[in-house]
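All remarks here apply to the structure that follows.
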Amino acid sequence: MSPIIILLWTQFVRAVQESGMRALLAWTIFSGADEHEQLSQARQFVEQWHGAEADRIRVWMGPHSPYTCTPSLLRRVAQTARELGVGIHIHLSETAAQVAQSLATHGCSPVSVARNAGLFDVPALAAHVAHVSPDDIAILAAHGVAVAVTPKTEMKLGIGVAPTLAMREAGVTVALGSDGAASNNTYDILESARLLALLEKLRQSDARCMPIGTTLELATGAGARALQWDGIGVLQVGARADLALVQCATAHTQPLHNPAAALLYSSQAADVDTVIVDGRILMHRRTLLTIDKSRVVREVAARIERLTQHQSERRIATYPEAQASR
């Protein structure tokens with residue numbers, strides 16, 4: 001296992017600790033010469049951090065996908081998750097090409113590959129799931145597999161749209177995801193919710209589908225159920241005090257006929273005024289209380305500069321003719 005990878009995961013945890021955020025982390029695993037070491041390191045990571053910070057941090061196993069992990073590795077990951085009593089996060093059926101490759105290589109869909117490897121014998125969260133058949137959806141529903149749909153990624157990469165309504169109608173827990181920076185850029189969950197509602201309305205040719213309440217629930221309560229994390233995602237007595245207060249007095253949310261409609265269709269990430277996690281105020285009136293924003297911005301800029309320089313040097317080493325373009 002690369003020391004850099006271990007350092008990165010350590011920094012992830014430290015960021016969650018210091019910021020006060022709540023997080024479920026999944027150590028990503030790929031097939032390769034060092035897969036045994038990856039699996040061992042992931043086990044150690046789970047044992048060290050699952051339930052840390054008064055259960056504000058949880059850790060699952062994270063085999064990347066059936067197209068980057070062999071069935072043998074997937075079975076070992078499933079066994080490890082069972083032994084540790086944790087769940088699994090995996091990417092499934094992101095593109096039509098991946099499904100075609102799975103059919104050609106394994107004779108079945110990525111969903112079936114994951115099921116056959118035992119990944120669904122523990123709590124499981126599948127990302128994307130943009131290309132699934134009715135049989136795939138039935139498998140997901142029968143095994144209680146939750147799905148994180150990522151509408152902005154689907155649009156940006158042109159990979160197709162996850163059948164959100166069909167999965168919900170079959171009894172699958174569908175929640176809202178943002179995906180990574182390369183395929184989202186903003187991490188704005190309100191934007192993702194808005195895009196999901198609009199995509200489904202367009203695909204179904206029905207403005208009445210994906211009502212406001214249903215869409216917002218995918219970003220809150222459904223997300224908690226997808227992570228099988230009780231006590232969050234709801235506002236009720238006895239639940240964890242995880243709250244985001246949104247300012248709806250801005251010009252772009254006026255006139256405020258319906259606060260829920262304004263939240264979904266008009267609000268922006270910058271309208272989030274206050275954030276509370278587990279009763280602790282992390283941001284108040286747009287001021288971060290646990291994160292030094294200026295330091296973070298400086299560090300990001302410095303690291304990007306180093307990464308860009310490193311990538312440039314690698315290109316020149318591989319393609320000397322690129323020197324002429326510098």
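Identifiers in the structure tokens: chain A, B, ... in order shown; residue index from 1 per chain; ligand index from 1 in order shown.
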
Do you have, as JSON lines, the list of residues of region 185-293 of chain A lying at most 12 Å from region 55-58 of chain A, each with its nearest atom pair and that distance in Å to one decimal, counting only C-alpha atoms and ordered by chain then number?
```
{"residue": "A:Leu227", "atom": "CA", "partner": "A:Arg58", "partner_atom": "CA", "distance": 9.7}
{"residue": "A:Gln228", "atom": "CA", "partner": "A:Arg58", "partner_atom": "CA", "distance": 10.9}
{"residue": "A:Trp229", "atom": "CA", "partner": "A:Arg58", "partner_atom": "CA", "distance": 9.4}
{"residue": "A:Asp230", "atom": "CA", "partner": "A:Asp55", "partner_atom": "CA", "distance": 11.2}
{"residue": "A:Gly231", "atom": "CA", "partner": "A:Asp55", "partner_atom": "CA", "distance": 11.4}
{"residue": "A:Ile232", "atom": "CA", "partner": "A:Arg56", "partner_atom": "CA", "distance": 10.8}
{"residue": "A:Arg240", "atom": "CA", "partner": "A:Arg56", "partner_atom": "CA", "distance": 10.3}
{"residue": "A:Ala241", "atom": "CA", "partner": "A:Arg56", "partner_atom": "CA", "distance": 11.8}
{"residue": "A:Asp242", "atom": "CA", "partner": "A:Arg56", "partner_atom": "CA", "distance": 10.9}
{"residue": "A:Val277", "atom": "CA", "partner": "A:Arg56", "partner_atom": "CA", "distance": 9.0}
{"residue": "A:Asp278", "atom": "CA", "partner": "A:Arg56", "partner_atom": "CA", "distance": 8.1}
{"residue": "A:Gly279", "atom": "CA", "partner": "A:Arg56", "partner_atom": "CA", "distance": 11.7}
{"residue": "A:Arg280", "atom": "CA", "partner": "A:Arg56", "partner_atom": "CA", "distance": 11.8}
```

Prev. selection, all heavy atoms, output as an mmCIF file, in the first residue's frame:
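So the final result, stored in again-v2.cif, reads:
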```cif
data_model
loop_
_atom_site.group_PDB
_atom_site.id
_atom_site.type_symbol
_atom_site.label_atom_id
_atom_site.label_comp_id
_atom_site.auth_asym_id
_atom_site.auth_seq_id
_atom_site.Cartn_x
_atom_site.Cartn_y
_atom_site.Cartn_z
ATOM 1 N N LEU A 227 -27.644 4.950 4.350
ATOM 2 C CA LEU A 227 -26.451 4.681 5.146
ATOM 3 C C LEU A 227 -26.765 3.811 6.355
ATOM 4 O O LEU A 227 -25.856 3.467 7.121
ATOM 5 C CB LEU A 227 -25.835 6.000 5.622
ATOM 6 C CG LEU A 227 -25.408 6.988 4.541
ATOM 7 C CD1 LEU A 227 -24.873 8.255 5.185
ATOM 8 C CD2 LEU A 227 -24.364 6.371 3.618
ATOM 9 N N GLN A 228 -28.055 3.487 6.521
ATOM 10 C CA GLN A 228 -28.526 2.713 7.676
ATOM 11 C C GLN A 228 -28.047 3.353 8.978
ATOM 12 O O GLN A 228 -27.518 2.696 9.871
ATOM 13 C CB GLN A 228 -28.087 1.247 7.564
ATOM 14 C CG GLN A 228 -28.643 0.569 6.332
ATOM 15 C CD GLN A 228 -28.728 -0.938 6.430
ATOM 16 O OE1 GLN A 228 -28.626 -1.521 7.506
ATOM 17 N NE2 GLN A 228 -28.931 -1.589 5.297
ATOM 18 N N TRP A 229 -28.248 4.668 9.032
ATOM 19 C CA TRP A 229 -27.791 5.460 10.168
ATOM 20 C C TRP A 229 -29.015 6.061 10.860
ATOM 21 O O TRP A 229 -29.568 7.062 10.417
ATOM 22 C CB TRP A 229 -26.863 6.569 9.684
ATOM 23 C CG TRP A 229 -25.926 7.084 10.731
ATOM 24 C CD1 TRP A 229 -26.164 7.192 12.072
ATOM 25 C CD2 TRP A 229 -24.586 7.556 10.515
ATOM 26 N NE1 TRP A 229 -25.063 7.708 12.700
ATOM 27 C CE2 TRP A 229 -24.074 7.928 11.785
ATOM 28 C CE3 TRP A 229 -23.777 7.690 9.393
ATOM 29 C CZ2 TRP A 229 -22.798 8.448 11.948
ATOM 30 C CZ3 TRP A 229 -22.505 8.200 9.556
ATOM 31 C CH2 TRP A 229 -22.014 8.570 10.810
ATOM 32 N N ASP A 230 -29.442 5.449 11.945
ATOM 33 C CA ASP A 230 -30.616 5.905 12.663
ATOM 34 C C ASP A 230 -30.340 7.234 13.365
ATOM 35 O O ASP A 230 -29.223 7.523 13.789
ATOM 36 C CB ASP A 230 -31.037 4.873 13.717
ATOM 37 C CG ASP A 230 -31.498 3.563 13.097
ATOM 38 O OD1 ASP A 230 -31.958 3.594 11.942
ATOM 39 O OD2 ASP A 230 -31.394 2.520 13.773
ATOM 40 N N GLY A 231 -31.400 8.041 13.498
ATOM 41 C CA GLY A 231 -31.298 9.264 14.273
ATOM 42 C C GLY A 231 -30.814 10.481 13.525
ATOM 43 O O GLY A 231 -30.632 11.542 14.137
ATOM 44 N N ILE A 232 -30.599 10.372 12.226
ATOM 45 C CA ILE A 232 -30.210 11.534 11.431
ATOM 46 C C ILE A 232 -31.146 11.631 10.223
ATOM 47 O O ILE A 232 -31.880 10.704 9.909
ATOM 48 C CB ILE A 232 -28.744 11.474 10.954
ATOM 49 C CG1 ILE A 232 -28.518 10.284 10.003
ATOM 50 C CG2 ILE A 232 -27.804 11.372 12.147
ATOM 51 C CD1 ILE A 232 -27.142 10.275 9.370
ATOM 52 N N ARG A 240 -30.647 12.956 16.376
ATOM 53 C CA ARG A 240 -29.427 13.749 16.467
ATOM 54 C C ARG A 240 -29.703 15.173 15.993
ATOM 55 O O ARG A 240 -30.468 15.376 15.054
ATOM 56 C CB ARG A 240 -28.341 13.134 15.584
ATOM 57 C CG ARG A 240 -27.896 11.756 15.995
ATOM 58 C CD ARG A 240 -26.954 11.811 17.169
ATOM 59 N NE ARG A 240 -26.330 10.518 17.444
ATOM 60 C CZ ARG A 240 -25.399 10.320 18.353
ATOM 61 N NH1 ARG A 240 -24.953 11.326 19.077
ATOM 62 N NH2 ARG A 240 -24.891 9.114 18.555
ATOM 63 N N ALA A 241 -29.062 16.130 16.632
ATOM 64 C CA ALA A 241 -29.274 17.536 16.257
ATOM 65 C C ALA A 241 -28.370 17.902 15.090
ATOM 66 O O ALA A 241 -27.369 18.595 15.244
ATOM 67 C CB ALA A 241 -29.008 18.441 17.454
ATOM 68 N N ASP A 242 -28.704 17.379 13.909
ATOM 69 C CA ASP A 242 -28.008 17.714 12.666
ATOM 70 C C ASP A 242 -28.936 18.620 11.863
ATOM 71 O O ASP A 242 -29.981 18.171 11.371
ATOM 72 C CB ASP A 242 -27.690 16.465 11.848
ATOM 73 C CG ASP A 242 -26.617 15.591 12.482
ATOM 74 O OD1 ASP A 242 -26.158 15.919 13.579
ATOM 75 O OD2 ASP A 242 -26.249 14.578 11.864
ATOM 76 N N VAL A 277 -24.124 20.127 13.727
ATOM 77 C CA VAL A 277 -23.952 18.676 13.685
ATOM 78 C C VAL A 277 -23.832 18.153 15.105
ATOM 79 O O VAL A 277 -22.971 18.599 15.870
ATOM 80 C CB VAL A 277 -22.707 18.273 12.865
ATOM 81 C CG1 VAL A 277 -22.484 16.757 12.956
ATOM 82 C CG2 VAL A 277 -22.873 18.683 11.413
ATOM 83 N N ASP A 278 -24.721 17.231 15.431
ATOM 84 C CA ASP A 278 -24.723 16.628 16.769
ATOM 85 C C ASP A 278 -24.825 17.688 17.858
ATOM 86 O O ASP A 278 -24.232 17.562 18.933
ATOM 87 C CB ASP A 278 -23.467 15.779 16.973
ATOM 88 C CG ASP A 278 -23.769 14.510 17.771
ATOM 89 O OD1 ASP A 278 -24.952 14.173 17.924
ATOM 90 O OD2 ASP A 278 -22.816 13.865 18.235
ATOM 91 N N GLY A 279 -25.563 18.766 17.557
ATOM 92 C CA GLY A 279 -25.778 19.826 18.534
ATOM 93 C C GLY A 279 -24.689 20.871 18.589
ATOM 94 O O GLY A 279 -24.817 21.871 19.316
ATOM 95 N N ARG A 280 -23.631 20.681 17.819
ATOM 96 C CA ARG A 280 -22.518 21.633 17.820
ATOM 97 C C ARG A 280 -22.604 22.537 16.594
ATOM 98 O O ARG A 280 -22.751 22.056 15.472
ATOM 99 C CB ARG A 280 -21.190 20.884 17.809
ATOM 100 C CG ARG A 280 -19.957 21.771 17.818
ATOM 101 C CD ARG A 280 -18.693 20.947 17.650
ATOM 102 N NE ARG A 280 -17.485 21.764 17.666
ATOM 103 C CZ ARG A 280 -16.274 21.321 17.335
ATOM 104 N NH1 ARG A 280 -16.113 20.040 16.983
ATOM 105 N NH2 ARG A 280 -15.231 22.127 17.358
#
```

Could you pull the residues within 7 Å of Arg285 (chain A), counting only C-alpha atoms, minus those fewer than 2 positions along the same chain, as a PDB file with C-alpha atoms, in the first residue's frame?
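Below is the file that was written, result-v7.pdb:
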```
ATOM      1  CA  ASP A 273     -26.622  30.263   6.858  1.00  0.00           C
ATOM      2  CA  THR A 274     -25.931  27.955   9.807  1.00  0.00           C
ATOM      3  CA  MET A 283     -21.043  27.478  10.854  1.00  0.00           C
ATOM      4  CA  THR A 287     -18.843  32.093   9.367  1.00  0.00           C
TER       5      THR A 287
END
```

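Counting only C-alpha atoms, the residue from A:Arg43, A:His50, A:Lys152, A:His64 that sits nearest to Tyr187 (chain A) is A:Lys152.
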
Item to check | Pick from A:Ala33, A:Ala148, A:Ala249, A:Ala52, whichever lies nearest to Val16 (chain A) using only C-alpha atoms | outcome: A:Ala52

Checklist outcome for this item: Pairwise distance, CA of Ala239 (chain A) with CA of Ala224 (chain A), equals 11.7 Å

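Between CA of Arg303 (chain A) and CA of Leu25 (chain A) the interatomic distance comes to 22.8 Å.
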
Sel. of strand (DSSP E) residues, region 137-283 of chain A, as a PDB file with N, CA, C and O atoms, in the first residue's frame:
```
ATOM      1  N   ALA A 146     -29.359  -0.062  -1.122  1.00  0.00           N
ATOM      2  CA  ALA A 146     -29.711   1.335  -1.358  1.00  0.00           C
ATOM      3  C   ALA A 146     -28.909   1.869  -2.543  1.00  0.00           C
ATOM      4  O   ALA A 146     -27.836   1.364  -2.865  1.00  0.00           O
ATOM      5  N   VAL A 147     -29.434   2.904  -3.177  1.00  0.00           N
ATOM      6  CA  VAL A 147     -28.802   3.484  -4.365  1.00  0.00           C
ATOM      7  C   VAL A 147     -28.612   4.983  -4.161  1.00  0.00           C
ATOM      8  O   VAL A 147     -29.534   5.677  -3.721  1.00  0.00           O
ATOM      9  N   ALA A 148     -27.406   5.470  -4.472  1.00  0.00           N
ATOM     10  CA  ALA A 148     -27.132   6.901  -4.462  1.00  0.00           C
ATOM     11  C   ALA A 148     -27.097   7.372  -5.917  1.00  0.00           C
ATOM     12  O   ALA A 148     -26.173   7.028  -6.663  1.00  0.00           O
ATOM     13  N   VAL A 149     -28.115   8.105  -6.331  1.00  0.00           N
ATOM     14  CA  VAL A 149     -28.156   8.603  -7.704  1.00  0.00           C
ATOM     15  C   VAL A 149     -27.393   9.923  -7.771  1.00  0.00           C
ATOM     16  O   VAL A 149     -27.393  10.712  -6.824  1.00  0.00           O
ATOM     17  N   VAL A 174     -33.718   5.015  -2.533  1.00  0.00           N
ATOM     18  CA  VAL A 174     -32.927   5.861  -3.425  1.00  0.00           C
ATOM     19  C   VAL A 174     -32.617   7.163  -2.707  1.00  0.00           C
ATOM     20  O   VAL A 174     -33.517   7.832  -2.193  1.00  0.00           O
ATOM     21  N   ALA A 175     -31.342   7.507  -2.661  1.00  0.00           N
ATOM     22  CA  ALA A 175     -30.898   8.743  -2.020  1.00  0.00           C
ATOM     23  C   ALA A 175     -30.106   9.578  -3.017  1.00  0.00           C
ATOM     24  O   ALA A 175     -29.774   9.115  -4.115  1.00  0.00           O
ATOM     25  N   LEU A 176     -29.806  10.792  -2.627  1.00  0.00           N
ATOM     26  CA  LEU A 176     -29.137  11.735  -3.521  1.00  0.00           C
ATOM     27  C   LEU A 176     -27.645  11.786  -3.229  1.00  0.00           C
ATOM     28  O   LEU A 176     -27.234  11.895  -2.071  1.00  0.00           O
ATOM     29  N   LEU A 243     -28.575  19.879  11.724  1.00  0.00           N
ATOM     30  CA  LEU A 243     -29.454  20.853  11.079  1.00  0.00           C
ATOM     31  C   LEU A 243     -28.679  21.756  10.135  1.00  0.00           C
ATOM     32  O   LEU A 243     -27.526  22.091  10.392  1.00  0.00           O
ATOM     33  N   ALA A 244     -29.339  22.141   9.055  1.00  0.00           N
ATOM     34  CA  ALA A 244     -28.810  23.176   8.163  1.00  0.00           C
ATOM     35  C   ALA A 244     -29.900  24.232   8.026  1.00  0.00           C
ATOM     36  O   ALA A 244     -31.016  23.921   7.594  1.00  0.00           O
ATOM     37  N   LEU A 245     -29.590  25.458   8.426  1.00  0.00           N
ATOM     38  CA  LEU A 245     -30.546  26.556   8.330  1.00  0.00           C
ATOM     39  C   LEU A 245     -30.265  27.337   7.050  1.00  0.00           C
ATOM     40  O   LEU A 245     -29.131  27.751   6.803  1.00  0.00           O
ATOM     41  N   VAL A 246     -31.306  27.517   6.243  1.00  0.00           N
ATOM     42  CA  VAL A 246     -31.155  28.149   4.939  1.00  0.00           C
ATOM     43  C   VAL A 246     -31.864  29.500   4.936  1.00  0.00           C
ATOM     44  O   VAL A 246     -33.035  29.608   5.312  1.00  0.00           O
ATOM     45  N   VAL A 272     -27.072  28.719   2.577  1.00  0.00           N
ATOM     46  CA  VAL A 272     -26.988  27.997   3.853  1.00  0.00           C
ATOM     47  C   VAL A 272     -26.326  28.917   4.861  1.00  0.00           C
ATOM     48  O   VAL A 272     -25.172  29.303   4.710  1.00  0.00           O
ATOM     49  N   ASP A 273     -27.059  29.245   5.905  1.00  0.00           N
ATOM     50  CA  ASP A 273     -26.622  30.263   6.858  1.00  0.00           C
ATOM     51  C   ASP A 273     -25.914  29.658   8.068  1.00  0.00           C
ATOM     52  O   ASP A 273     -24.890  30.176   8.523  1.00  0.00           O
ATOM     53  N   THR A 274     -26.454  28.569   8.585  1.00  0.00           N
ATOM     54  CA  THR A 274     -25.931  27.955   9.807  1.00  0.00           C
ATOM     55  C   THR A 274     -25.973  26.437   9.679  1.00  0.00           C
ATOM     56  O   THR A 274     -26.937  25.887   9.145  1.00  0.00           O
ATOM     57  N   VAL A 275     -24.936  25.775  10.162  1.00  0.00           N
ATOM     58  CA  VAL A 275     -24.871  24.311  10.131  1.00  0.00           C
ATOM     59  C   VAL A 275     -24.580  23.807  11.537  1.00  0.00           C
ATOM     60  O   VAL A 275     -23.663  24.287  12.205  1.00  0.00           O
ATOM     61  N   ILE A 276     -25.385  22.838  11.966  1.00  0.00           N
ATOM     62  CA  ILE A 276     -25.238  22.242  13.296  1.00  0.00           C
ATOM     63  C   ILE A 276     -25.126  20.734  13.131  1.00  0.00           C
ATOM     64  O   ILE A 276     -25.935  20.111  12.431  1.00  0.00           O
ATOM     65  N   VAL A 277     -24.124  20.127  13.727  1.00  0.00           N
ATOM     66  CA  VAL A 277     -23.952  18.676  13.685  1.00  0.00           C
ATOM     67  C   VAL A 277     -23.832  18.153  15.105  1.00  0.00           C
ATOM     68  O   VAL A 277     -22.971  18.599  15.870  1.00  0.00           O
ATOM     69  N   ARG A 280     -23.631  20.681  17.819  1.00  0.00           N
ATOM     70  CA  ARG A 280     -22.518  21.633  17.820  1.00  0.00           C
ATOM     71  C   ARG A 280     -22.604  22.537  16.594  1.00  0.00           C
ATOM     72  O   ARG A 280     -22.751  22.056  15.472  1.00  0.00           O
ATOM     73  N   ILE A 281     -22.520  23.831  16.793  1.00  0.00           N
ATOM     74  CA  ILE A 281     -22.599  24.780  15.675  1.00  0.00           C
ATOM     75  C   ILE A 281     -21.252  24.817  14.959  1.00  0.00           C
ATOM     76  O   ILE A 281     -20.235  25.179  15.552  1.00  0.00           O
ATOM     77  N   LEU A 282     -21.256  24.444  13.681  1.00  0.00           N
ATOM     78  CA  LEU A 282     -20.031  24.422  12.880  1.00  0.00           C
ATOM     79  C   LEU A 282     -19.901  25.669  12.005  1.00  0.00           C
ATOM     80  O   LEU A 282     -18.800  26.086  11.679  1.00  0.00           O
ATOM     81  N   MET A 283     -21.042  26.228  11.618  1.00  0.00           N
ATOM     82  CA  MET A 283     -21.043  27.478  10.854  1.00  0.00           C
ATOM     83  C   MET A 283     -22.205  28.318  11.358  1.00  0.00           C
ATOM     84  O   MET A 283     -23.324  27.811  11.517  1.00  0.00           O
TER      85      MET A 283
END
```

Next on the checklist: List as a count of residues only the protein and nucleic acid residues near Ser267 (chain A), meaning an atom at most 10 Å away when only C-alpha atoms are counted, but skip any in the same chain fewer than 2 places from it.
Outcome noted: 20

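CA of Gly213 (chain A) sits 20.6 Å away from CA of Val237 (chain A).
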
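With distances restricted to only C-alpha atoms, A:Ile189 is the closest residue to Thr215 (chain A) from A:Leu202, A:Ala126, A:Ala100, A:Ile189.
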
Item to check | alpha helix (DSSP H) positions in region 71-112 of chain A, given as JSON, numbers by chain | outcome: {"A": [71, 72, 73, 74, 75, 76, 77, 78, 79, 80, 81, 82, 83, 84, 96, 97, 98, 99, 100, 101, 102, 103, 104, 105, 106, 110, 111, 112]}

Item to check | Polymer residues at most 7 Å from Val129 (chain A), only C-alpha atoms, same-chain spacing of 3 or more positions, as an NGL selection string | outcome: :A and (92-94 or 126 or 132 or 162)

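The shortest atom-to-atom distance to Leu198 (chain A), with only C-alpha atoms taken into account, belongs to A:Pro211 out of A:Gly118, A:Gly62, A:Gly177, A:Pro211.
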